[in-house]
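S.K.: Structure file upload-v1.txt (compact mmCIF, C-alpha atoms) right here:
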# COMPACT_ATOMS: atom_id res chain seq x y z
CA MET A 1 -111.53 -51.02 35.44
CA LEU A 2 -109.26 -52.68 32.91
CA ASN A 3 -107.60 -54.58 35.75
CA LYS A 4 -110.92 -56.04 36.79
CA VAL A 5 -111.90 -57.05 33.28
CA TRP A 6 -108.52 -58.62 32.76
CA PHE A 7 -108.79 -60.61 35.97
CA CYS A 8 -112.37 -61.67 35.28
CA LEU A 9 -111.62 -62.96 31.80
CA LEU A 10 -108.68 -64.96 33.04
CA PHE A 11 -110.49 -66.24 36.12
CA ILE A 12 -113.66 -67.19 34.27
CA GLY A 13 -111.64 -68.79 31.51
CA ILE A 14 -109.67 -71.10 33.77
CA VAL A 15 -112.49 -71.87 36.20
CA TYR A 16 -114.96 -72.54 33.40
CA GLY A 17 -112.39 -74.73 31.71
CA PHE A 18 -111.97 -76.68 34.94
CA ALA A 19 -115.70 -76.99 35.49
CA ARG A 20 -116.29 -78.05 31.97
CA ALA A 21 -113.53 -80.62 32.11
CA SER A 22 -115.03 -82.07 35.31
CA TYR A 23 -118.43 -82.22 33.67
CA GLU A 24 -116.98 -83.90 30.63
CA SER A 25 -115.04 -86.50 32.56
CA MET A 26 -117.95 -87.25 34.88
CA PHE A 27 -120.90 -87.39 32.52
CA LEU A 28 -119.50 -88.09 29.12
CA PRO A 29 -117.91 -91.36 28.13
CA GLU A 30 -114.25 -91.19 27.19
CA ALA A 31 -113.10 -89.84 23.88
CA LYS A 32 -114.23 -92.90 21.88
CA GLN A 33 -117.51 -91.57 20.61
CA PRO A 34 -117.66 -88.13 19.07
CA SER A 35 -118.71 -86.37 22.22
CA ALA A 36 -122.10 -84.84 22.72
CA VAL A 37 -120.37 -81.57 23.45
CA ALA A 38 -118.56 -81.53 20.15
CA GLU A 39 -121.78 -82.26 18.36
CA GLU A 40 -123.85 -79.66 20.04
CA SER A 41 -121.63 -76.72 19.17
CA ASP A 42 -121.57 -76.12 15.51
CA ALA A 43 -120.16 -79.04 13.61
CA ALA A 44 -117.01 -78.28 11.64
CA LYS A 45 -115.61 -75.67 13.97
CA ALA A 46 -116.12 -77.79 17.06
CA ASP A 47 -113.96 -80.47 15.54
CA GLU A 48 -111.06 -78.10 15.31
CA VAL A 49 -111.53 -76.32 18.59
CA LEU A 50 -112.69 -79.17 20.79
CA PRO A 51 -111.15 -82.35 19.48
CA GLU A 52 -110.89 -84.19 22.78
CA ILE A 53 -112.65 -84.09 26.08
CA GLY A 54 -111.60 -84.58 29.66
CA PHE A 55 -109.17 -83.02 32.09
CA GLY A 56 -105.98 -83.74 30.22
CA ALA A 57 -107.23 -82.29 26.98
CA MET A 58 -108.60 -79.15 28.63
CA GLY A 59 -105.35 -78.50 30.43
CA LYS A 60 -103.47 -78.97 27.21
CA ARG A 61 -105.76 -76.53 25.43
CA LEU A 62 -105.33 -73.86 28.09
CA ASN A 63 -101.56 -74.23 28.01
CA ALA A 64 -101.52 -74.08 24.24
CA ALA A 65 -103.69 -70.96 24.33
CA MET A 66 -101.29 -69.15 26.67
CA LEU A 67 -98.18 -69.99 24.68
CA ASP A 68 -99.91 -69.29 21.41
CA ALA A 69 -100.91 -65.84 22.63
CA ALA A 70 -97.33 -64.86 23.40
CA ASP A 71 -96.10 -66.26 20.13
CA LEU A 72 -98.80 -64.66 18.00
CA ALA A 73 -98.37 -61.25 19.60
CA VAL A 74 -94.66 -61.10 18.91
CA LYS A 75 -94.94 -62.48 15.38
CA THR A 76 -97.62 -59.95 14.52
CA CYS A 77 -95.64 -57.04 15.87
CA ILE A 78 -92.38 -58.06 14.23
CA PHE A 79 -94.24 -58.15 10.95
CA LEU A 80 -95.77 -54.79 11.79
CA ILE A 81 -92.41 -53.05 12.25
CA GLY A 82 -91.77 -52.67 8.54
CA ILE A 83 -95.32 -51.63 7.75
CA MET A 84 -95.42 -49.05 10.53
CA ALA A 85 -92.05 -47.65 9.50
CA LEU A 86 -93.27 -47.31 5.93
CA TRP A 87 -96.53 -45.61 6.79
CA LEU A 88 -95.19 -43.34 9.52
CA GLY A 89 -92.51 -42.27 7.06
CA ILE A 90 -95.15 -41.30 4.52
CA LEU A 91 -97.20 -39.55 7.20
CA ASN A 92 -94.17 -37.60 8.33
CA ILE A 93 -93.79 -36.27 4.82
CA ALA A 94 -97.44 -35.25 4.93
CA LYS A 95 -96.91 -33.52 8.24
CA ASP A 96 -93.79 -31.68 7.06
CA ALA A 97 -95.57 -30.61 3.89
CA GLY A 98 -98.27 -28.93 5.97
CA LEU A 99 -101.06 -31.22 4.87
CA VAL A 100 -102.68 -30.94 8.29
CA ASP A 101 -103.14 -27.20 7.76
CA ALA A 102 -104.50 -27.81 4.28
CA PHE A 103 -107.06 -30.24 5.67
CA ALA A 104 -107.95 -27.79 8.39
CA ARG A 105 -108.66 -25.14 5.76
CA LEU A 106 -110.76 -27.64 3.84
CA LEU A 107 -112.86 -28.41 6.92
CA GLN A 108 -113.25 -24.76 7.95
CA PRO A 109 -116.72 -24.26 6.39
CA LEU A 110 -118.08 -27.12 8.49
CA MET A 111 -117.15 -25.38 11.74
CA ARG A 112 -120.10 -23.00 11.88
CA LEU A 113 -122.43 -25.86 11.21
CA LEU A 114 -121.02 -28.24 13.82
CA PHE A 115 -119.94 -25.78 16.50
CA PRO A 116 -122.27 -22.79 16.36
CA GLU A 117 -121.23 -21.86 19.92
CA ILE A 118 -117.59 -21.17 19.04
CA PRO A 119 -117.18 -17.56 17.84
CA THR A 120 -115.38 -17.22 14.49
CA GLY A 121 -111.71 -16.55 14.94
CA HIS A 122 -111.56 -17.93 18.48
CA PRO A 123 -108.44 -20.09 19.06
CA ALA A 124 -110.70 -23.02 19.93
CA GLN A 125 -111.69 -23.18 16.28
CA GLY A 126 -108.11 -23.62 15.12
CA ALA A 127 -107.33 -26.27 17.73
CA VAL A 128 -110.47 -28.28 16.95
CA LEU A 129 -109.74 -28.11 13.23
CA MET A 130 -106.13 -29.19 13.66
CA ASN A 131 -107.14 -32.15 15.82
CA LEU A 132 -109.82 -33.34 13.42
CA SER A 133 -107.49 -32.98 10.43
CA ALA A 134 -104.67 -34.87 12.14
CA ASN A 135 -107.15 -37.61 13.04
CA MET A 136 -108.34 -37.86 9.46
CA LEU A 137 -104.79 -38.32 8.25
CA GLY A 138 -104.17 -40.92 10.94
CA LEU A 139 -101.55 -38.86 12.80
CA ASP A 140 -102.53 -40.17 16.23
CA ASN A 141 -99.45 -38.87 18.01
CA ALA A 142 -100.01 -35.36 16.76
CA ALA A 143 -103.78 -35.45 17.22
CA THR A 144 -103.91 -36.03 20.98
CA PRO A 145 -101.96 -32.91 22.09
CA MET A 146 -104.01 -30.80 19.68
CA GLY A 147 -107.18 -32.36 21.05
CA LEU A 148 -106.20 -31.53 24.62
CA LYS A 149 -105.43 -27.97 23.56
CA ALA A 150 -108.84 -27.79 21.91
CA MET A 151 -110.46 -28.93 25.17
CA ARG A 152 -108.63 -26.19 27.11
CA GLU A 153 -109.80 -23.57 24.61
CA LEU A 154 -113.37 -24.88 24.76
CA GLN A 155 -113.16 -24.73 28.54
CA GLU A 156 -112.37 -21.01 28.24
CA LEU A 157 -115.76 -20.56 26.59
CA ASN A 158 -117.49 -22.67 29.23
CA PRO A 159 -119.56 -20.80 31.84
CA ALA A 160 -119.92 -23.81 34.18
CA LYS A 161 -116.45 -25.24 34.54
CA ASP A 162 -117.43 -28.71 35.73
CA THR A 163 -120.11 -29.25 33.08
CA ALA A 164 -119.62 -30.21 29.46
CA THR A 165 -120.79 -27.80 26.77
CA ASN A 166 -122.52 -28.76 23.55
CA SER A 167 -119.34 -27.99 21.64
CA MET A 168 -117.31 -30.35 23.81
CA ALA A 169 -119.82 -33.14 23.40
CA MET A 170 -119.86 -32.62 19.64
CA PHE A 171 -116.08 -32.51 19.48
CA LEU A 172 -115.73 -35.80 21.35
CA ALA A 173 -118.52 -37.47 19.42
CA ILE A 174 -116.70 -36.72 16.17
CA ASN A 175 -113.45 -37.84 17.73
CA THR A 176 -114.79 -41.15 18.96
CA SER A 177 -116.39 -42.07 15.67
CA SER A 178 -113.07 -41.40 13.94
CA VAL A 179 -112.98 -40.57 10.28
CA THR A 180 -109.59 -41.88 9.21
CA LEU A 181 -108.87 -41.83 5.50
CA ILE A 182 -106.58 -44.84 5.60
CA PRO A 183 -106.36 -46.88 8.82
CA PHE A 184 -102.98 -48.29 7.98
CA THR A 185 -102.31 -50.17 11.22
CA ILE A 186 -105.37 -52.32 10.59
CA ILE A 187 -104.27 -53.00 7.04
CA GLY A 188 -100.89 -53.97 8.47
CA LEU A 189 -102.55 -56.39 10.89
CA ARG A 190 -104.40 -57.95 7.97
CA ALA A 191 -101.14 -58.37 6.10
CA ALA A 192 -99.53 -59.86 9.21
CA ALA A 193 -102.33 -62.43 9.34
CA GLY A 194 -101.48 -63.51 5.80
CA SER A 195 -104.27 -61.74 3.92
CA LYS A 196 -104.17 -62.13 0.16
CA ASN A 197 -105.66 -58.69 -0.29
CA PRO A 198 -104.95 -56.50 2.75
CA ALA A 199 -106.26 -53.27 1.20
CA GLU A 200 -109.55 -54.78 0.09
CA PRO A 201 -111.87 -53.27 2.73
CA VAL A 202 -110.34 -49.76 2.65
CA LEU A 203 -113.26 -48.21 0.84
CA SER A 204 -115.82 -50.09 2.92
CA MET A 205 -114.13 -48.81 6.06
CA LEU A 206 -114.19 -45.25 4.79
CA LEU A 207 -117.86 -45.53 3.90
CA ALA A 208 -118.75 -47.06 7.25
CA THR A 209 -116.84 -44.46 9.22
CA LEU A 210 -118.31 -41.57 7.20
CA VAL A 211 -121.86 -42.74 7.77
CA SER A 212 -121.26 -43.48 11.44
CA THR A 213 -119.69 -40.06 11.99
CA ILE A 214 -122.62 -38.28 10.37
CA ILE A 215 -124.99 -40.27 12.54
CA ALA A 216 -122.90 -39.51 15.63
CA ILE A 217 -123.21 -35.81 14.82
CA LEU A 218 -126.98 -36.04 14.40
CA ILE A 219 -127.40 -38.06 17.60
CA THR A 220 -125.31 -35.61 19.60
CA ARG A 221 -127.29 -32.65 18.26
CA TRP A 222 -130.51 -34.37 19.05
CA MET A 223 -129.59 -35.45 22.56
CA ALA A 224 -128.25 -32.00 23.47
CA GLY A 225 -131.85 -30.84 23.47
CA TRP A 226 -133.15 -33.48 25.85
CA ARG A 227 -134.46 -32.01 29.06
CA ARG A 228 -132.53 -34.40 31.31
CA PHE A 229 -129.26 -33.34 29.67
CA ARG A 230 -129.86 -29.62 30.03
CA VAL A 231 -127.53 -27.56 32.17
CA ALA A 232 -129.01 -25.88 35.25
CA ALA A 233 -130.86 -22.75 34.20
CA ASP A 234 -128.70 -20.21 36.05
CA SER A 235 -125.48 -21.27 34.33
CA LEU A 236 -126.87 -21.09 30.83
CA ALA A 237 -128.70 -17.81 31.13
CA ALA A 238 -125.44 -15.89 30.86
CA ASP A 239 -124.01 -16.99 27.55
CA GLY A 240 -126.53 -18.59 25.25
CA ASP A 241 -124.39 -21.68 24.94
CA ILE A 242 -127.54 -23.70 25.23
CA PRO A 243 -130.67 -22.27 23.64
CA PRO A 244 -132.90 -21.11 26.49
CA SER A 245 -136.13 -22.43 25.00
CA PRO A 246 -137.85 -24.56 27.66
CA VAL A 247 -139.03 -27.42 25.46
CA GLU A 248 -136.89 -29.70 23.33
CA GLU A 249 -137.49 -28.19 19.94
CA GLU A 250 -133.98 -28.63 18.68
CA ALA A 251 -134.70 -31.29 16.11
CA PRO A 252 -131.83 -32.89 14.22
CA ARG A 253 -131.09 -30.83 11.18
CA MET B 1 -120.26 -52.35 -9.36
CA ILE B 2 -118.47 -54.36 -6.70
CA ALA B 3 -115.54 -54.84 -9.09
CA PHE B 4 -115.33 -51.09 -9.61
CA LEU B 5 -115.45 -50.42 -5.88
CA ASP B 6 -112.73 -52.99 -5.36
CA THR B 7 -110.54 -51.26 -7.91
CA LEU B 8 -111.22 -47.95 -6.22
CA SER B 9 -110.31 -49.52 -2.89
CA GLN B 10 -107.01 -50.75 -4.29
CA TRP B 11 -106.14 -47.31 -5.61
CA MET B 12 -106.87 -45.40 -2.43
CA ILE B 13 -103.49 -45.97 -0.84
CA PRO B 14 -101.36 -45.31 -3.95
CA MET B 15 -103.38 -42.18 -4.65
CA THR B 16 -103.02 -40.91 -1.10
CA VAL B 17 -99.28 -41.50 -1.27
CA LEU B 18 -99.14 -39.66 -4.60
CA LEU B 19 -101.08 -36.73 -3.17
CA ILE B 20 -98.76 -36.51 -0.18
CA VAL B 21 -95.59 -36.76 -2.24
CA VAL B 22 -96.69 -34.25 -4.89
CA TRP B 23 -97.85 -31.83 -2.19
CA ALA B 24 -94.49 -32.18 -0.46
CA ALA B 25 -92.67 -31.61 -3.76
CA VAL B 26 -94.64 -28.42 -4.35
CA LYS B 27 -93.80 -27.24 -0.85
CA GLY B 28 -90.16 -28.16 -1.32
CA VAL B 29 -89.96 -30.54 1.63
CA PRO B 30 -86.79 -32.70 1.82
CA MET B 31 -88.78 -35.89 1.44
CA TYR B 32 -86.19 -38.55 1.95
CA GLU B 33 -84.98 -37.18 5.28
CA SER B 34 -88.54 -36.57 6.37
CA PHE B 35 -89.51 -40.15 5.50
CA VAL B 36 -86.60 -41.63 7.41
CA THR B 37 -87.32 -39.49 10.48
CA GLY B 38 -90.90 -40.73 10.53
CA ALA B 39 -89.97 -44.32 9.77
CA LYS B 40 -87.71 -44.43 12.83
CA GLU B 41 -90.81 -43.94 14.96
CA GLY B 42 -92.38 -46.97 13.30
CA PHE B 43 -90.00 -49.33 15.02
CA GLY B 44 -90.82 -47.92 18.42
CA VAL B 45 -94.56 -47.99 17.78
CA ALA B 46 -94.58 -51.61 16.63
CA VAL B 47 -92.37 -52.82 19.48
CA MET B 48 -94.31 -50.83 22.09
CA ILE B 49 -97.47 -52.66 21.09
CA ILE B 50 -96.02 -56.06 22.04
CA PRO B 51 -96.52 -56.05 25.84
CA TYR B 52 -100.11 -54.83 25.54
CA LEU B 53 -100.87 -57.33 22.82
CA VAL B 54 -99.38 -60.21 24.82
CA ALA B 55 -101.39 -59.22 27.91
CA MET B 56 -104.64 -58.98 25.99
CA LEU B 57 -104.18 -61.99 23.72
CA PHE B 58 -103.27 -64.06 26.76
CA VAL B 59 -106.57 -63.53 28.56
CA ILE B 60 -108.64 -63.65 25.38
CA LYS B 61 -107.10 -66.90 24.25
CA VAL B 62 -107.54 -68.54 27.64
CA PHE B 63 -111.13 -67.33 27.79
CA LEU B 64 -111.90 -68.73 24.35
CA ALA B 65 -110.00 -71.99 24.94
CA SER B 66 -112.14 -72.79 27.98
CA GLY B 67 -115.03 -73.32 25.59
CA ILE B 68 -117.30 -70.81 27.34
CA PHE B 69 -117.78 -68.70 24.26
CA ALA B 70 -118.50 -71.70 22.05
CA ASP B 71 -121.13 -72.84 24.56
CA MET B 72 -122.66 -69.38 24.75
CA LYS B 73 -122.79 -69.19 20.99
CA TYR B 74 -124.50 -72.56 20.88
CA GLY B 75 -127.04 -71.38 23.43
CA ILE B 76 -127.78 -68.21 21.48
CA GLY B 77 -128.04 -70.26 18.29
CA VAL B 78 -130.66 -72.51 19.89
CA ALA B 79 -132.56 -69.48 21.15
CA MET B 80 -132.44 -67.86 17.71
CA GLU B 81 -133.69 -70.97 16.01
CA TRP B 82 -136.43 -71.31 18.57
CA ALA B 83 -137.44 -67.71 17.91
CA GLY B 84 -137.57 -68.51 14.21
CA LEU B 85 -134.60 -66.37 13.24
CA GLY B 86 -132.62 -69.20 11.71
CA THR B 87 -129.05 -69.76 12.82
CA HIS B 88 -126.90 -66.89 11.67
CA THR B 89 -124.54 -67.58 14.51
CA ASP B 90 -121.45 -66.93 12.41
CA SER B 91 -121.69 -63.18 12.89
CA LEU B 92 -121.82 -63.76 16.66
CA ASP B 93 -118.06 -64.25 16.43
CA LEU B 94 -117.86 -60.47 16.02
CA MET B 95 -119.57 -59.87 19.35
CA PRO B 96 -116.43 -59.89 21.53
CA LEU B 97 -114.77 -57.38 19.20
CA ALA B 98 -117.80 -55.13 19.22
CA PHE B 99 -117.84 -55.16 23.03
CA THR B 100 -114.14 -54.47 23.50
CA ARG B 101 -113.87 -51.78 20.83
CA PRO B 102 -115.16 -48.85 22.91
CA LEU B 103 -113.41 -50.08 26.07
CA THR B 104 -109.78 -50.69 25.21
CA GLY B 105 -107.70 -50.11 22.12
CA SER B 106 -105.16 -52.83 22.83
CA GLY B 107 -107.90 -55.29 23.74
CA ALA B 108 -109.73 -54.68 20.49
CA ARG B 109 -106.50 -55.03 18.57
CA ALA B 110 -105.87 -58.37 20.26
CA MET B 111 -109.42 -59.47 19.44
CA LEU B 112 -108.84 -58.58 15.82
CA VAL B 113 -105.56 -60.50 15.69
CA GLU B 114 -107.22 -63.50 17.31
CA LEU B 115 -110.14 -63.35 14.90
CA PHE B 116 -107.80 -63.18 11.92
CA GLN B 117 -105.92 -66.20 13.21
CA THR B 118 -109.03 -68.28 13.81
CA HIS B 119 -111.19 -67.31 10.86
CA GLY B 120 -108.71 -65.85 8.39
CA PRO B 121 -108.59 -62.19 7.34
CA ASP B 122 -110.16 -62.58 3.90
CA GLY B 123 -113.51 -64.15 4.71
CA PHE B 124 -116.76 -62.45 5.69
CA LEU B 125 -115.79 -62.37 9.37
CA GLY B 126 -112.28 -61.07 8.76
CA ASN B 127 -113.43 -58.28 6.47
CA THR B 128 -116.38 -57.25 8.59
CA ALA B 129 -114.16 -57.20 11.69
CA THR B 130 -111.78 -54.95 9.79
CA ILE B 131 -114.60 -52.54 8.95
CA LEU B 132 -115.83 -52.59 12.54
CA MET B 133 -112.33 -51.90 13.83
CA GLY B 134 -111.66 -49.13 11.33
CA SER B 135 -114.90 -47.27 11.77
CA SER B 136 -114.88 -46.69 15.51
CA GLU B 137 -112.64 -45.60 18.33
CA THR B 138 -111.89 -46.26 21.99
CA THR B 139 -114.79 -44.15 23.24
CA PHE B 140 -114.29 -44.54 26.99
CA TYR B 141 -110.58 -43.84 26.80
CA ILE B 142 -111.01 -40.67 24.74
CA LEU B 143 -113.76 -39.37 26.99
CA ALA B 144 -111.69 -40.06 30.11
CA ILE B 145 -108.55 -38.39 28.75
CA TYR B 146 -110.21 -35.36 27.21
CA TYR B 147 -112.70 -34.55 29.95
CA GLY B 148 -110.17 -35.45 32.62
CA SER B 149 -107.70 -32.94 31.20
CA VAL B 150 -110.07 -30.04 31.91
CA GLN B 151 -111.69 -31.47 35.07
CA ILE B 152 -115.17 -31.77 33.68
CA LYS B 153 -117.35 -34.03 35.79
CA LYS B 154 -120.85 -33.59 34.43
CA ILE B 155 -120.56 -34.84 30.90
CA ARG B 156 -124.29 -34.58 30.17
CA HIS B 157 -125.24 -36.40 26.96
CA THR B 158 -121.71 -37.13 25.75
CA LEU B 159 -121.41 -40.76 26.84
CA ALA B 160 -124.96 -41.69 25.88
CA ALA B 161 -124.59 -40.08 22.46
CA CYS B 162 -121.19 -41.64 21.80
CA LEU B 163 -122.30 -45.12 22.81
CA LEU B 164 -125.49 -44.88 20.79
CA ALA B 165 -123.39 -43.74 17.84
CA ASP B 166 -121.03 -46.68 18.41
CA LEU B 167 -123.98 -49.05 18.36
CA VAL B 168 -125.24 -47.57 15.11
CA GLY B 169 -121.69 -47.82 13.78
CA ILE B 170 -121.62 -51.54 14.55
CA VAL B 171 -124.88 -52.06 12.71
CA ILE B 172 -123.55 -50.11 9.72
CA ALA B 173 -120.32 -52.12 9.70
CA LEU B 174 -122.32 -55.36 9.78
CA PHE B 175 -124.59 -54.12 7.02
CA ILE B 176 -121.72 -53.12 4.74
CA GLY B 177 -119.92 -56.33 5.60
CA TYR B 178 -122.91 -58.42 4.57
CA LEU B 179 -123.41 -56.32 1.46
CA VAL B 180 -119.86 -56.45 0.16
CA PHE B 181 -118.40 -59.59 1.68
CA GLY B 182 -121.54 -61.58 2.47
CA GLY B 183 -120.92 -64.45 0.09
CA ARG B 184 -117.62 -65.60 1.55
The structure in this file should be written as C-alpha cells.

M.R.:
Amino acid sequence: MLNKVWFCLLFIGIVYGFARASYESMFLPEAKQPSAVAEESDAAKADEVLPEIGFGAMGKRLNAAMLDAADLAVKTCIFLIGIMALWLGILNIAKDAGLVDAFARLLQPLMRLLFPEIPTGHPAQGAVLMNLSANMLGLDNAATPMGLKAMRELQELNPAKDTATNSMAMFLAINTSSVTLIPFTIIGLRAAAGSKNPAEPVLSMLLATLVSTIIAILITRWMAGWRRFRVAADSLAADGDIPPSPVEEEAPR
Amino acid sequence: MIAFLDTLSQWMIPMTVLLIVVWAAVKGVPMYESFVTGAKEGFGVAVMIIPYLVAMLFVIKVFLASGIFADMKYGIGVAMEWAGLGTHTDSLDLMPLAFTRPLTGSGARAMLVELFQTHGPDGFLGNTATILMGSSETTFYILAIYYGSVQIKKIRHTLAACLLADLVGIVIALFIGYLVFGGR
C-alpha cells in the first residue's frame, strides 16, 4: 500500500513536471514576460515557487527538490537528537517514578463508562488502562506492547474470535485519536524549523485532541448500534456483549 | 484571554517537568541515572527517523516541485470563487497533511517538516498544521497492528468510526487554528 503511494507520488511528480514543461515550452513564450502560468497561480507564492518556465527550469527544480529533501531530513533529525534525548530522559524519570500507574488509577473511574463489557477486575481492564496512560504521557515505546496485551485480553472476552467487539472498537478509537499531554516530538520539529515560539500551540493541541477524543468516543458508541455493524445473532446471544435489542436504540449518551 | 491562554501554554511543559521530578523525588527514584538512561534512547530515535524522513520528503518534494499541487490549488480556488465562497485557498495547503495523517506516520512528519520549511512554523498554517498533527494518530497503522495481532478480520464499525472521528478532528483543528492563530 505504502509502496504504491510512494511510487505514484514520484511517478506523477516527474511525469507531470515533464508534461508541464513541454506545455510551457510549446505554448508559452520564453521567460521574458511574466508567464501566464505564474500569474494564474496565486501571485506572491508563484513568484517564489515558479520563477522560470521551460524544460531547463523544471529539471532544475526537480533536482533541487530531491537534494533539498535529503538535506532537510538530516538537518531536522540532527537538531532533533538533543531534543529527543532531553524529553526521553524526562519521560524515563516519569516511568521509573511509576507515573503510568498513577495515571491508570486516575483513569479507572472512566472504565465502566467507556467499556461496560469488561468485567471489573478482569486483566483486560489493567492492560487497557496502562496503554491509555502511557499514550497520554507520550511513552510510545511502552504503549504499544501494553496495547497488544490489552487486545489479547479483550480477545479472551470475545465470543466470535474473528469479529471485533464493542470494547475493541472503543479501545482503538481512543487510541487513534490520541490524547497526548505534551507531543514533544512535534514541538521539537517546530524548533528545528526555526520557530520563535515552539511551545505556543501546546494548549491548542491539547484542547483539539481532547475534543476530538470525546467525539471519537461518541461516534464509536453511536455506530456500534447500527444494524449493518451488528454481529450475527447467534454469536451475540451467548454473552450480552452487544445488547440484543433488535432496533438501534443505543443513542449516544 | 488569548494572552492568558498563551501564558498557560508556555507553562505546560515546565509544570509537567516539575510534576514528574517532584513525583520522582517523593518515590525516591535516582533521577540523574534514570534521565541519562532515557536520554540515550533519544539519539537512536532521532537517527532512526532519518531514512524514513528522507524517503518521504523526497517524494513529497518532487511531487510539489512539479507544480501539480499549485495547479490543483488554483483550480479549486477558481471553483470556490465561482461558487461564491471567496478564495480561502491558503488553508488548502493543509490538505496533503490531513490526507497523509491517518495513513503514515513518517509521511505526515515529512509533510509537516515540508510545510514548516515553505510557510514557516509560526504563521497560521504552521500552527494549524501543528495542531492537526498533534491531535490525531496514524489510524490505519494502529488498526492493522492491533487487529492483526489477534487475527480479527471483521472489524465492524471500527474503521468507519475512526475515520469519521479523524475528519471531525481535522475540522476542530482548523477551527481552533482559525480562532487562535487566524490573524497571522

S.K.: How many Å lie between atom CA of Gly28 of chain B and atom CA of Ile90 of chain A, rounded to one decimal?

M.R.: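 These two atoms are separated by 15.2 Å.
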
S.K.: Write out as a PyMOL selection string the residues lying within 12 Å of Leu5 of chain B, counting only C-alpha atoms and excluding same-chain residues fewer than 4 positions away.

M.R.: (chain A and resi 199-204+206-207) or (chain B and resi 1+9-12+180)

S.K.: When you get a sec, could you note down which chain B residues fall within 6 Å of chain A, using all atoms listed in the file, as a PyMOL selection string?

M.R.: chain B and resi 9+20+24+34-36+38-39+42-43+46+53-54+57-59+61-63+65-66+74+121-122+131+134-137+139+152-158+161-162+165+169+173

S.K.: Grab the atom CA of Phe181 of chain B to atom CA of Phe124 of chain B distance for me, in Å with one decimal place.

M.R.: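 Separation of atom CA of Phe181 of chain B and atom CA of Phe124 of chain B: 5.2 Å.
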
S.K.: Smallest atom-to-atom distance to Leu143 of chain B: which of B:Leu115, B:Met72, B:Leu163, B:Leu18, using all atoms listed in the file?

M.R.: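 So, comparing all the options, the nearest one is B:Leu163.
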
S.K.: Calculate how many Å separate atom CA of Tyr52 of chain B from atom CA of Phe140 of chain B, rounding to one decimal.

M.R.: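 Atom-to-atom, atom CA of Tyr52 of chain B to atom CA of Phe140 of chain B, that is 17.6 Å.
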
S.K.: From the set B:Ile13, B:Ile142, B:Leu64, B:Ile176, which residue has the shortest atom-to-atom contact distance to Thr130 of chain B, counting only C-alpha atoms?

M.R.: B:Ile176
